[in-house]
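> Below is one structure. I have some questions about it.
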Amino acid sequence: MTATPIRPRSMGTHLTRLDGHEKVTGVAAYAVEHALDLPERPLHAWLVTSTIARGTVERVDASDALAHPGVVQVLDHTSARRLAKPDDAELAVLQDDAIGFRGQIVAVVLAETSEAAREGARLVRVHQTPAAAPAEVVLDDGEAYAPEVANAGHEPDTTDGDVDAALAGAAVVVDATYTTPHEFNSPMEPHAVTAVWDGEHLSMWDSTQSVHGVASVIGRALGLERGKTRVRAPYVGGGFGSKGLPHAPEMAAALAAFAADGRPVQLAVTRQQMFSLTGYRTQTVSRFRLGAEPDGRLLALSHDALSQTSRYKEFVEQTATSARTMYAADARATTHRVVPLDVAVPAWMRAPGEMPGMFAQEVAMDELAVACGVDPIQLRLRNEPDVDPDTGNLFNNRRLLECLERGAARFGWAERDPEPGVRLDGDWRVGTGVASASYPALFMPGNTTRIQALGEGRYAVSIGAVDIGTGARTVLTQIAADALGVEPGRIELSLGDTELPKATVAGGSAGTSSWGTSIVLAAQQLRADHGDDPDAGVETTATSEGYPDMENLALHSFGAVFAETRVHRWTGEVRVPRMLGVYSVGRVINPTTARSQFLGGLVMGLSGALFEEGYRDPRFGHVVTQDLATYHVASHADVGDLQVEWLDEEDTAATPMGSRGIGEIGIVGTAAAIANATFHATGTRVRDLPLTADHFLT
Amino acid sequence: MKELTYVRATDAAEAVAAVTADPDARFLAGGTNLVDHLKLGVATPGSLVDVSGLPLTEVESLPDGGVRIGANVRNSDLAVHPLLRHGFGAVSRALLAGASGQIRNQATTGGNLLQRTRCVYFQDSSTPCNKREPGSGCSAIGGYGRYDAILGTSEACVATHPSDLAVALAALDATVVVLGPDGERRVPMGELHRLPGHHPERDTTLAHGELITHVELAGSPVARRSTYVKARDRASYAFALVSVAAGLELDGEGPDAVVTDVRLAWGGVAHKPWRATAAEDVLRGRPLDAAAVREAVDAETRHATTTDQNAYKPAMLRGVTTSALTTLAGRDLA
Ligand SMILES: Cc1cc2nc3c(=O)[nH]c(=O)nc-3n(C[C@H](O)[C@H](O)[C@H](O)COP(=O)(O)OP(=O)(O)OC[C@H]3O[C@@H](n4cnc5c(N)ncnc54)[C@H](O)[C@@H]3O)c2cc1C
Ligand code: SF4
């Protein structure tokens with residue numbers, strides 16, 4: 001059976017966040033706040049990390065640490081439990097003496113208090129021997145190669161037509177290089193785990209975006225039978241992709257739990273350690289070439305993306321994939337190259353690929369608009385494709401132009417004088433900019449939902465999805481209510497536990513789509529099998545294997561971002577007093593939580609535009625701007641008037657709810673809109689993020 | 001963190017005696033800087049003498065129009081104190097430009113002046129740093145340098161002093177009152193902080209165990225007409241890229257008015273708040289215009305040493321200085 005579209009009743013209404021009260025009153029328990037549920041007082045774990053980027057651990061001398069009051073045990077590669085399947089090098093924690101990057105876990109201290117554990121970690125002496133070959137830690141150190149596949153299964157290279165010939169014949173050419181720096185997900189709640197090994201079962205409370213993902217990956221590596229690893233994540237303080245897959249600290253906590261033999265272990269990663277151990281967005285270097293007719297119609301488009309990966313595990317940011325679908329052009333080429341380095345492996349960060357790729361593309365389009373003397377919105381209109389250039393499929397619901405036009409009207413674009421660098425308001429040079437946004441409508445098969453009738457029109461709905469702060473708990477309740485044709489108050493939703501039916505990750509903006517489809521399917525199956533008024537205790541379990549017709553349709557969300565920037569004429573400081581995002585995302589299931597996702601995306605995009613930059617020291621190999629005082633994210637004062645709106649629509653080709661994902665599109669295009677606005681304000685084109693004040697000094 | 005003893009001081013002289021007697025002891029005030037260092041292993045004192053309860057919490061006016069500020073006056077209280085807002089605008093604005101509301105509520109006047117550099121290597125005990133571990137080397141040279149000093153640097157250290165308050169106090173010739181084992185001494189603000197030289201581990205000229213009890217400011221026309229401009233990487237809650245505390249006294253009105261007195265001190269450029277005396281000399285006795293400001297700033301930054309990463313600082317100093325003097329002059333200098 002496949003789910004069929006459902007009628008909206010609660011969907012589309014502002015149901016208040018169901019867990020809001022628990023959160024603001026501090027009752028909601030996060031990963032290391034489960035002491036009351038534990039069989040015994042927990043031990044506190046602290047990570048000791050390598051201080052060379054490439055080499056070996058000769059010896060871990062724990063004598064001083066063990067002499068410190070409260071320190072119970074120090075685990076290292078000679079004493080930690082062996083993994084049954086150490087094939088994922090990132091998770092092969094304490095399995096051998098090899099050091100693959102600076103900041104790698106080389107020991108774990110267990111102590112009675114977190115203070116003692118931390119001091120114990122300081123007292124552990126790690127004898128390390130650097131490798132004979134010098135560590136290679138920045139792009140210039142290494143050599144790029146062509147990977148076999150990019151993140152999310154994308155082809156690394158595509159070619160369509162002859163780009164070089166088309167560029168040679170083009171009247172107008174933009175050929176420029178755009179860079180984005182290392183960026184760090186930096187969720188409010190650091191990565192944290194409570195783990196207990198009772199001799200047979202491993203139980204974890206984890207700050208994760210996927211309980212089933214963690215259980216299967218960690219359980220498999222440890223050689224535990226299926227069902228012997230339980231992972232719970234009732235509340236998660238954000239992830240932005242960094243908690244999508246388990247990282248080394250989760251394995252360290254599991255190994256510590258084995259060593260503690262029955263005593264629970266709590267591990268909270270420090271903010272500084274997050275800069276080495278929990279994933280990040282690689283820096284990217286994009287050469288973007290556009291060839292066009294004098295009126296801006298594209299003849300050729302090419303995006304060559306370079307990024308880094310680690311030597312011990314490959315991750316290839318899919319930076320150039322958006323160039324494959326955004327605009328029409330007869331000749332098109334995209335490539336991905338990566339440089340393997342002795343660094344921590346990059347991973348998912350909100351809109352991997354689209355965020356840096358669309359920065360490059362949308363600034364390049366602005367440059368083309370300027371070169372052709374065409375309004376940037378007109379330019380996009382002139383390059384609207386009939387079908388998806390990548391797959392040749394029809395777009396199901398491509399309403400980019402409506403987003404741009406509606407945004408233009410609301411933002412006051414018509415009054416804009418295109419001349420750059422000519423508006424001064426007090427000490428501020430003023431400009432406006434626009435960029436397109438796009439994000440694929442992804443769907444993950446294999447989600448299972450169990451629905452049990454509780455009588456009197458009430459239902460228990462269970463799925464192991466995770467609400468990482470987005471509002472999934474609320475939105476899935478609304479979907480279940482509409483799927484069953486009852487009020488949301490009649491739904492008892494359980495999630496965030498591997499004891500519940502299997503769910504995929506809260507990621508790829510696919511959580512609500514994929515989990516929701518499964519809930520709809522289970523509801524429809526329940527109705528089909530047991531009618532409208534099932535007896536209490538009746539239950540149905542269903543797994544959704546598919547829904548959208550990806551074979552024949554190109555499914556994407558679209559948006560338009562407008563920004564006004566002010567650049568101080570004396571200091572070059574950049575402010576963004578107003579931004580507007582207009583989105584086409586299918587049905588918005590809950591306007592309150594959706595709005596927060598868009599606003600959060602815009603703020604994170606603004607942050608990436610103006611502030612965020614991880615500086616990797618070329619000599620040491622680690623990121624030295626490793627706290628939130630030196631790695632700046634937007635503060636309140638940086639966020640001005642943010643407006644968000646969306647087209648009133650439903651897309652039942654994407655999901656039976658009529659919705660598409662919304663978690664990531666807000667960060668896409670935002671940095672480009674701001675960069676384009678700073679050009680309009682100053683006449684200075686900056687192609688490297690972040691757009692710090694020094695770029696605009698005159 | 002390392003185990004330590006904690007004592008709450010009730011008497012200033014006893015606090016001084018306790019710390020003087022123990023090379024491993026440190027004063028603790030608001031703790032917003034020192035407690036971070038304890039956690040990071042940057043500071044590993046054996047004992048803490050908490051001076052935040054000492055009754056040094058008054059802001060009093062002095063007969064000459066000046067003020068006397070207790071070392072324990074919180075940054076947030078000092079910033080909005082009427083005596084400071086009216087007579088010493090640069091001080092008030094400098095405080096409000098620093099840290100965040102929560103931190104200012106906790107941070108003290110004395111602690112603010114003695115906060116340590118934000119150099120990322122100083123705070124990362126896995127890297128060499130002469131200031132944290134004398135003789136180990138300076139990682140900032142050849143490393144992350146966006147915030148590094150451009151004036152008065154040495155081969156041993158290129159760190160900047162992070163306090164905004166200290167810059168304003170340097171411009172307005174404050175006096176720091178210090179209690180030591182042998183009694184009280186008065187330190188001109190310009191002599192409180194040091195340049196790094198061969199001993200970057202020493203931030204100031206204070207001896208171990210000396211306690212800041214008060215800061216005094218004399219009232220003056222330049223203090224009354226003073227302001228603070230800070231350029232930073234985000235709108236709030238960021239240390240200065242560069243900053244300026246400026247005071248101005250003019251004779252006359254409009255473009256022909258002659259500068260009779262001017263004070264300029266810069267933040268974000270040196271191991272101490274940098275009093276730009278060469279720049280002041282250029283400006284004194286002539287009408288104020290953009291060219292004069294440029295000449296003045298250039299005179300002061302002539303000997304600046306920069307790298308790729310902080311080469312923007314001289315130009316940004318011109319920017320903040322022009323901006324501050326424009327505000328004080330009440331007319332556009334450009
Ligand atoms: C995230 C962040 C951002 C910040 N941003 C800024 C900024 O933009 N601008 C800015 O200026 N500051 C900023 N600060 C720093 C803040 O202003 C200082 O941490 C604070 O002023 C220190 O005061 P305290 O009372 O907490 O000092 P403590 O941490 O208690 O002490 C600091 C030092 O002073 C010594 N000490 C304290 N009182 C005395 C005394 N009376 N006599 C002798 N020694 C004493 C202590 O032994 C210690 O060495 C920031 C801090 C943080 C954490
Ligand atoms: S600049 Fe000074 S504080 Fe920074 S690493 Fe060098 S010695 Fe240490």
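Ordering of the structure tokens sets the chain letters (A, B, ...); residue numbers start at 1 within each chain; ligands are numbered from 1 in the order shown.
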Do you know which residues are within 12 Å of ligand 2 using only C-alpha atoms and all ligand atoms? Can you write them as a ChimeraX atom specification?
/A:624 /B:42,116-150,153-162,195-203,270-271
> Taking only C-alpha atoms and all ligand atoms into account, list the residues no farther than 8 Å from ligand 1, as a PDB file with C-alpha atoms, in the first residue's frame.

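Okay, part.pdb is ready:
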```
ATOM      1  CA  LEU A 628      32.123  31.073  20.478  1.00  0.00           C
ATOM      2  CA  ALA A 629      34.100  34.165  21.474  1.00  0.00           C
TER       3      ALA A 629
ATOM      4  CA  ARG B  26      45.304  34.846  42.885  1.00  0.00           C
ATOM      5  CA  PHE B  27      42.611  37.429  43.430  1.00  0.00           C
ATOM      6  CA  LEU B  28      39.179  36.559  42.132  1.00  0.00           C
ATOM      7  CA  ALA B  29      36.627  39.272  41.379  1.00  0.00           C
ATOM      8  CA  GLY B  30      33.725  38.722  38.964  1.00  0.00           C
ATOM      9  CA  GLY B  31      35.441  35.613  37.661  1.00  0.00           C
ATOM     10  CA  THR B  32      34.359  36.146  34.070  1.00  0.00           C
ATOM     11  CA  ASN B  33      37.912  35.888  32.856  1.00  0.00           C
ATOM     12  CA  LEU B  34      39.743  33.958  35.553  1.00  0.00           C
ATOM     13  CA  VAL B  35      37.203  31.145  35.869  1.00  0.00           C
ATOM     14  CA  ASP B  36      37.463  30.490  32.130  1.00  0.00           C
ATOM     15  CA  VAL B  51      37.835  40.118  46.680  1.00  0.00           C
ATOM     16  CA  SER B  52      34.428  40.705  45.141  1.00  0.00           C
ATOM     17  CA  ALA B  71      37.407  48.410  42.071  1.00  0.00           C
ATOM     18  CA  ASN B  72      34.323  46.295  42.665  1.00  0.00           C
ATOM     19  CA  ARG B  74      30.321  46.338  38.205  1.00  0.00           C
ATOM     20  CA  ASN B  75      30.846  47.267  34.563  1.00  0.00           C
ATOM     21  CA  ALA B  94      33.634  51.932  26.184  1.00  0.00           C
ATOM     22  CA  LEU B  95      31.992  49.840  28.885  1.00  0.00           C
ATOM     23  CA  ALA B  97      30.747  48.437  23.867  1.00  0.00           C
ATOM     24  CA  GLY B  98      32.279  45.541  25.785  1.00  0.00           C
ATOM     25  CA  ALA B  99      31.154  41.969  26.311  1.00  0.00           C
ATOM     26  CA  SER B 100      27.440  41.311  26.889  1.00  0.00           C
ATOM     27  CA  ILE B 103      29.026  39.614  31.598  1.00  0.00           C
ATOM     28  CA  ARG B 104      28.986  43.328  32.390  1.00  0.00           C
ATOM     29  CA  GLN B 106      29.284  40.265  36.708  1.00  0.00           C
ATOM     30  CA  ALA B 107      32.535  41.942  35.668  1.00  0.00           C
ATOM     31  CA  THR B 108      34.258  44.423  37.977  1.00  0.00           C
ATOM     32  CA  THR B 109      36.257  47.553  37.283  1.00  0.00           C
ATOM     33  CA  GLY B 110      39.478  46.062  38.662  1.00  0.00           C
ATOM     34  CA  GLY B 111      38.979  42.724  36.920  1.00  0.00           C
ATOM     35  CA  ASN B 112      38.270  44.435  33.645  1.00  0.00           C
ATOM     36  CA  LEU B 113      41.616  46.231  33.663  1.00  0.00           C
ATOM     37  CA  LEU B 114      43.446  43.037  34.523  1.00  0.00           C
ATOM     38  CA  GLN B 115      41.695  40.695  32.111  1.00  0.00           C
ATOM     39  CA  ARG B 116      44.172  38.878  29.968  1.00  0.00           C
ATOM     40  CA  PRO B 162      41.374  43.302  25.156  1.00  0.00           C
ATOM     41  CA  SER B 163      39.831  45.799  27.564  1.00  0.00           C
ATOM     42  CA  ASP B 164      37.708  48.600  26.167  1.00  0.00           C
ATOM     43  CA  LEU B 165      37.494  50.344  29.524  1.00  0.00           C
ATOM     44  CA  ALA B 166      41.282  50.532  29.765  1.00  0.00           C
ATOM     45  CA  VAL B 178      46.762  50.113  44.275  1.00  0.00           C
ATOM     46  CA  GLY B 209      49.667  40.622  45.618  1.00  0.00           C
ATOM     47  CA  GLU B 210      48.972  44.237  44.707  1.00  0.00           C
ATOM     48  CA  LEU B 211      45.250  44.921  44.729  1.00  0.00           C
ATOM     49  CA  ILE B 212      43.512  47.550  42.669  1.00  0.00           C
ATOM     50  CA  THR B 213      41.202  49.391  45.052  1.00  0.00           C
ATOM     51  CA  SER B 236      27.777  43.295  19.714  1.00  0.00           C
ATOM     52  CA  TYR B 237      29.619  40.858  21.941  1.00  0.00           C
ATOM     53  CA  ALA B 238      32.934  40.928  20.144  1.00  0.00           C
ATOM     54  CA  PHE B 239      36.345  42.268  21.042  1.00  0.00           C
ATOM     55  CA  ALA B 240      37.668  45.252  19.156  1.00  0.00           C
TER      56      ALA B 240
END
```
> Using DSSP on the backbone, list every residue of stretch 166-280 of chain B that comes out as alpha helix (DSSP H), and give them as a PyMOL selection string.
chain B and resi 166-171+221-224+277-280
> How would the residues just picked look written out with C-alpha atoms as a PDB file, in the first residue's frame?

```pdb
ATOM      1  CA  ALA B 166      41.282  50.532  29.765  1.00  0.00           C
ATOM      2  CA  VAL B 167      41.459  52.393  26.454  1.00  0.00           C
ATOM      3  CA  ALA B 168      39.058  55.067  27.653  1.00  0.00           C
ATOM      4  CA  LEU B 169      40.926  55.389  30.949  1.00  0.00           C
ATOM      5  CA  ALA B 170      44.224  55.751  29.093  1.00  0.00           C
ATOM      6  CA  ALA B 171      42.839  58.557  26.960  1.00  0.00           C
ATOM      7  CA  PRO B 221      36.784  69.659  29.133  1.00  0.00           C
ATOM      8  CA  VAL B 222      38.241  66.828  27.027  1.00  0.00           C
ATOM      9  CA  ALA B 223      36.682  64.275  29.362  1.00  0.00           C
ATOM     10  CA  ARG B 224      33.302  65.944  29.103  1.00  0.00           C
ATOM     11  CA  THR B 277      50.554  61.019  21.570  1.00  0.00           C
ATOM     12  CA  ALA B 278      52.194  61.595  18.194  1.00  0.00           C
ATOM     13  CA  ALA B 279      48.755  61.857  16.640  1.00  0.00           C
ATOM     14  CA  GLU B 280      47.609  64.227  19.369  1.00  0.00           C
TER      15      GLU B 280
END
```
> Report as a list in words all protein, DNA and RNA residues lying within 6 Å of A:Val668, evaluated on only C-alpha atoms, omitting residues in the same chain fewer than 3 positions from it.
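So, after excluding close chain neighbours, the residues are Met355, Ala437 and Ile665 of chain A.
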> Restricting it to all heavy atoms, dump the selection as a PDB file, in the first residue's frame.

```pdb
ATOM      1  N   MET A 355      24.597  25.336   0.324  1.00  0.00           N
ATOM      2  CA  MET A 355      24.961  26.592   0.988  1.00  0.00           C
ATOM      3  C   MET A 355      26.192  27.220   0.311  1.00  0.00           C
ATOM      4  O   MET A 355      26.118  28.335  -0.199  1.00  0.00           O
ATOM      5  CB  MET A 355      25.152  26.358   2.491  1.00  0.00           C
ATOM      6  CG  MET A 355      25.166  27.628   3.327  1.00  0.00           C
ATOM      7  SD  MET A 355      26.761  28.474   3.280  1.00  0.00           S
ATOM      8  CE  MET A 355      26.402  29.884   4.306  1.00  0.00           C
ATOM      9  N   ALA A 437      17.107  30.780  -4.037  1.00  0.00           N
ATOM     10  CA  ALA A 437      17.402  29.660  -3.152  1.00  0.00           C
ATOM     11  C   ALA A 437      16.723  28.423  -3.707  1.00  0.00           C
ATOM     12  O   ALA A 437      15.689  28.527  -4.376  1.00  0.00           O
ATOM     13  CB  ALA A 437      16.883  29.947  -1.747  1.00  0.00           C
ATOM     14  N   ILE A 665      16.387  25.228   3.430  1.00  0.00           N
ATOM     15  CA  ILE A 665      16.375  26.202   2.336  1.00  0.00           C
ATOM     16  C   ILE A 665      16.639  27.632   2.824  1.00  0.00           C
ATOM     17  O   ILE A 665      17.187  28.459   2.096  1.00  0.00           O
ATOM     18  CB  ILE A 665      15.065  26.107   1.523  1.00  0.00           C
ATOM     19  CG1 ILE A 665      15.229  26.900   0.214  1.00  0.00           C
ATOM     20  CG2 ILE A 665      13.861  26.560   2.340  1.00  0.00           C
ATOM     21  CD1 ILE A 665      14.146  26.650  -0.789  1.00  0.00           C
TER      22      ILE A 665
END
```
> If you run DSSP on the backbone here, which positions in stretch 76-312 of chain B get strand (DSSP E or B)? Please write them as a ChimeraX atom specification.
/B:108,129,138,175-180,183-188,193,204,211-217,226-232,240-251,258-267,274-275,287
> Can you work out which residues from chain B touch chain A at a cut-off of 6 Å (counting only C-alpha atoms) and hand them back as number ranges by chain?
B: 1-2, 143, 235-236, 312, 316, 319
> Keeping only N, CA and C atoms, write the selected residues to a file as a PDB file, in the first residue's frame.

```
ATOM      1  N   MET B   1      39.174  20.870  36.675  1.00  0.00           N
ATOM      2  CA  MET B   1      40.202  21.845  37.018  1.00  0.00           C
ATOM      3  C   MET B   1      40.950  21.442  38.278  1.00  0.00           C
ATOM      4  N   LYS B   2      42.087  22.062  38.459  1.00  0.00           N
ATOM      5  CA  LYS B   2      42.939  21.753  39.596  1.00  0.00           C
ATOM      6  C   LYS B   2      42.214  22.085  40.913  1.00  0.00           C
ATOM      7  N   GLY B 143      50.846  32.483  12.725  1.00  0.00           N
ATOM      8  CA  GLY B 143      49.566  31.777  12.836  1.00  0.00           C
ATOM      9  C   GLY B 143      48.395  32.711  12.624  1.00  0.00           C
ATOM     10  N   ALA B 235      28.027  43.077  15.554  1.00  0.00           N
ATOM     11  CA  ALA B 235      27.488  44.328  16.089  1.00  0.00           C
ATOM     12  C   ALA B 235      27.624  44.420  17.602  1.00  0.00           C
ATOM     13  N   SER B 236      27.712  43.287  18.271  1.00  0.00           N
ATOM     14  CA  SER B 236      27.777  43.295  19.714  1.00  0.00           C
ATOM     15  C   SER B 236      28.539  42.057  20.142  1.00  0.00           C
ATOM     16  N   TYR B 312      44.993  45.518   7.728  1.00  0.00           N
ATOM     17  CA  TYR B 312      43.862  46.440   7.649  1.00  0.00           C
ATOM     18  C   TYR B 312      43.845  47.438   8.806  1.00  0.00           C
ATOM     19  N   MET B 316      41.841  51.067   9.342  1.00  0.00           N
ATOM     20  CA  MET B 316      40.664  51.044  10.207  1.00  0.00           C
ATOM     21  C   MET B 316      40.821  52.028  11.369  1.00  0.00           C
ATOM     22  N   GLY B 319      39.787  55.177  10.178  1.00  0.00           N
ATOM     23  CA  GLY B 319      38.326  55.190  10.144  1.00  0.00           C
ATOM     24  C   GLY B 319      37.718  55.500  11.489  1.00  0.00           C
TER      25      GLY B 319
END
```
> Find the spatial neighbours of A:Thr180, counting only C-alpha atoms, within a cut-off of 6 Å - ignore same-chain residues fewer than 2 positions away - and output them as a list in words.
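Once the nearby chain positions are removed, what remains is Gln283, Thr284 and Leu689 of chain A.
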> In Å, with one decimal, what is the gap from atom CA of B:Ala265 to atom CA of B:Asp289?
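Interatomic distance here is 18.8 Å.
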> Write out as a Markdown table a residue-level contact list of stretch 68-187 of chain B versus stretch 16-25 of chain B with cut-off 10 Å: for each qualifying residue the closest pair of atoms and the distance in Å to one decimal, counting only C-alpha atoms, rows sorted by chain and residue number upward.

```
| residue | atom | partner | partner_atom | distance |
| --- | --- | --- | --- | --- |
| B:Leu179 | CA | B:Val16 | CA | 7.3 |
| B:Gly180 | CA | B:Val16 | CA | 6.3 |
| B:Pro181 | CA | B:Ala17 | CA | 6.2 |
| B:Asp182 | CA | B:Val16 | CA | 9.8 |
| B:Gly183 | CA | B:Val16 | CA | 9.7 |
```
> Just write the chosen residues, N, CA, C and O atoms, as a CSV table (one decimal), in the first residue's frame.

```csv
chain,number,residue,atom,x,y,z
B,179,LEU,N,46.7,48.9,46.3
B,179,LEU,CA,47.2,48.6,47.7
B,179,LEU,C,48.1,47.4,47.7
B,179,LEU,O,47.8,46.3,47.1
B,180,GLY,N,49.3,47.6,48.3
B,180,GLY,CA,50.3,46.5,48.3
B,180,GLY,C,50.7,46.3,49.8
B,180,GLY,O,50.1,46.9,50.7
B,181,PRO,N,51.6,45.3,50.0
B,181,PRO,CA,51.9,45.0,51.3
B,181,PRO,C,52.5,46.2,52.1
B,181,PRO,O,52.4,46.3,53.3
B,182,ASP,N,53.1,47.2,51.3
B,182,ASP,CA,53.7,48.3,52.0
B,182,ASP,C,52.8,49.5,51.9
B,182,ASP,O,53.2,50.7,52.0
B,183,GLY,N,51.5,49.3,51.6
B,183,GLY,CA,50.6,50.5,51.6
B,183,GLY,C,50.2,50.8,50.2
B,183,GLY,O,50.4,50.1,49.2
```
> Just to confirm, what's the straight-line distance from atom CA of A:Asp87 to atom CA of A:Leu75 in Å (one decimal)?
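Separation between atom CA of A:Asp87 and atom CA of A:Leu75: 20.8 Å.
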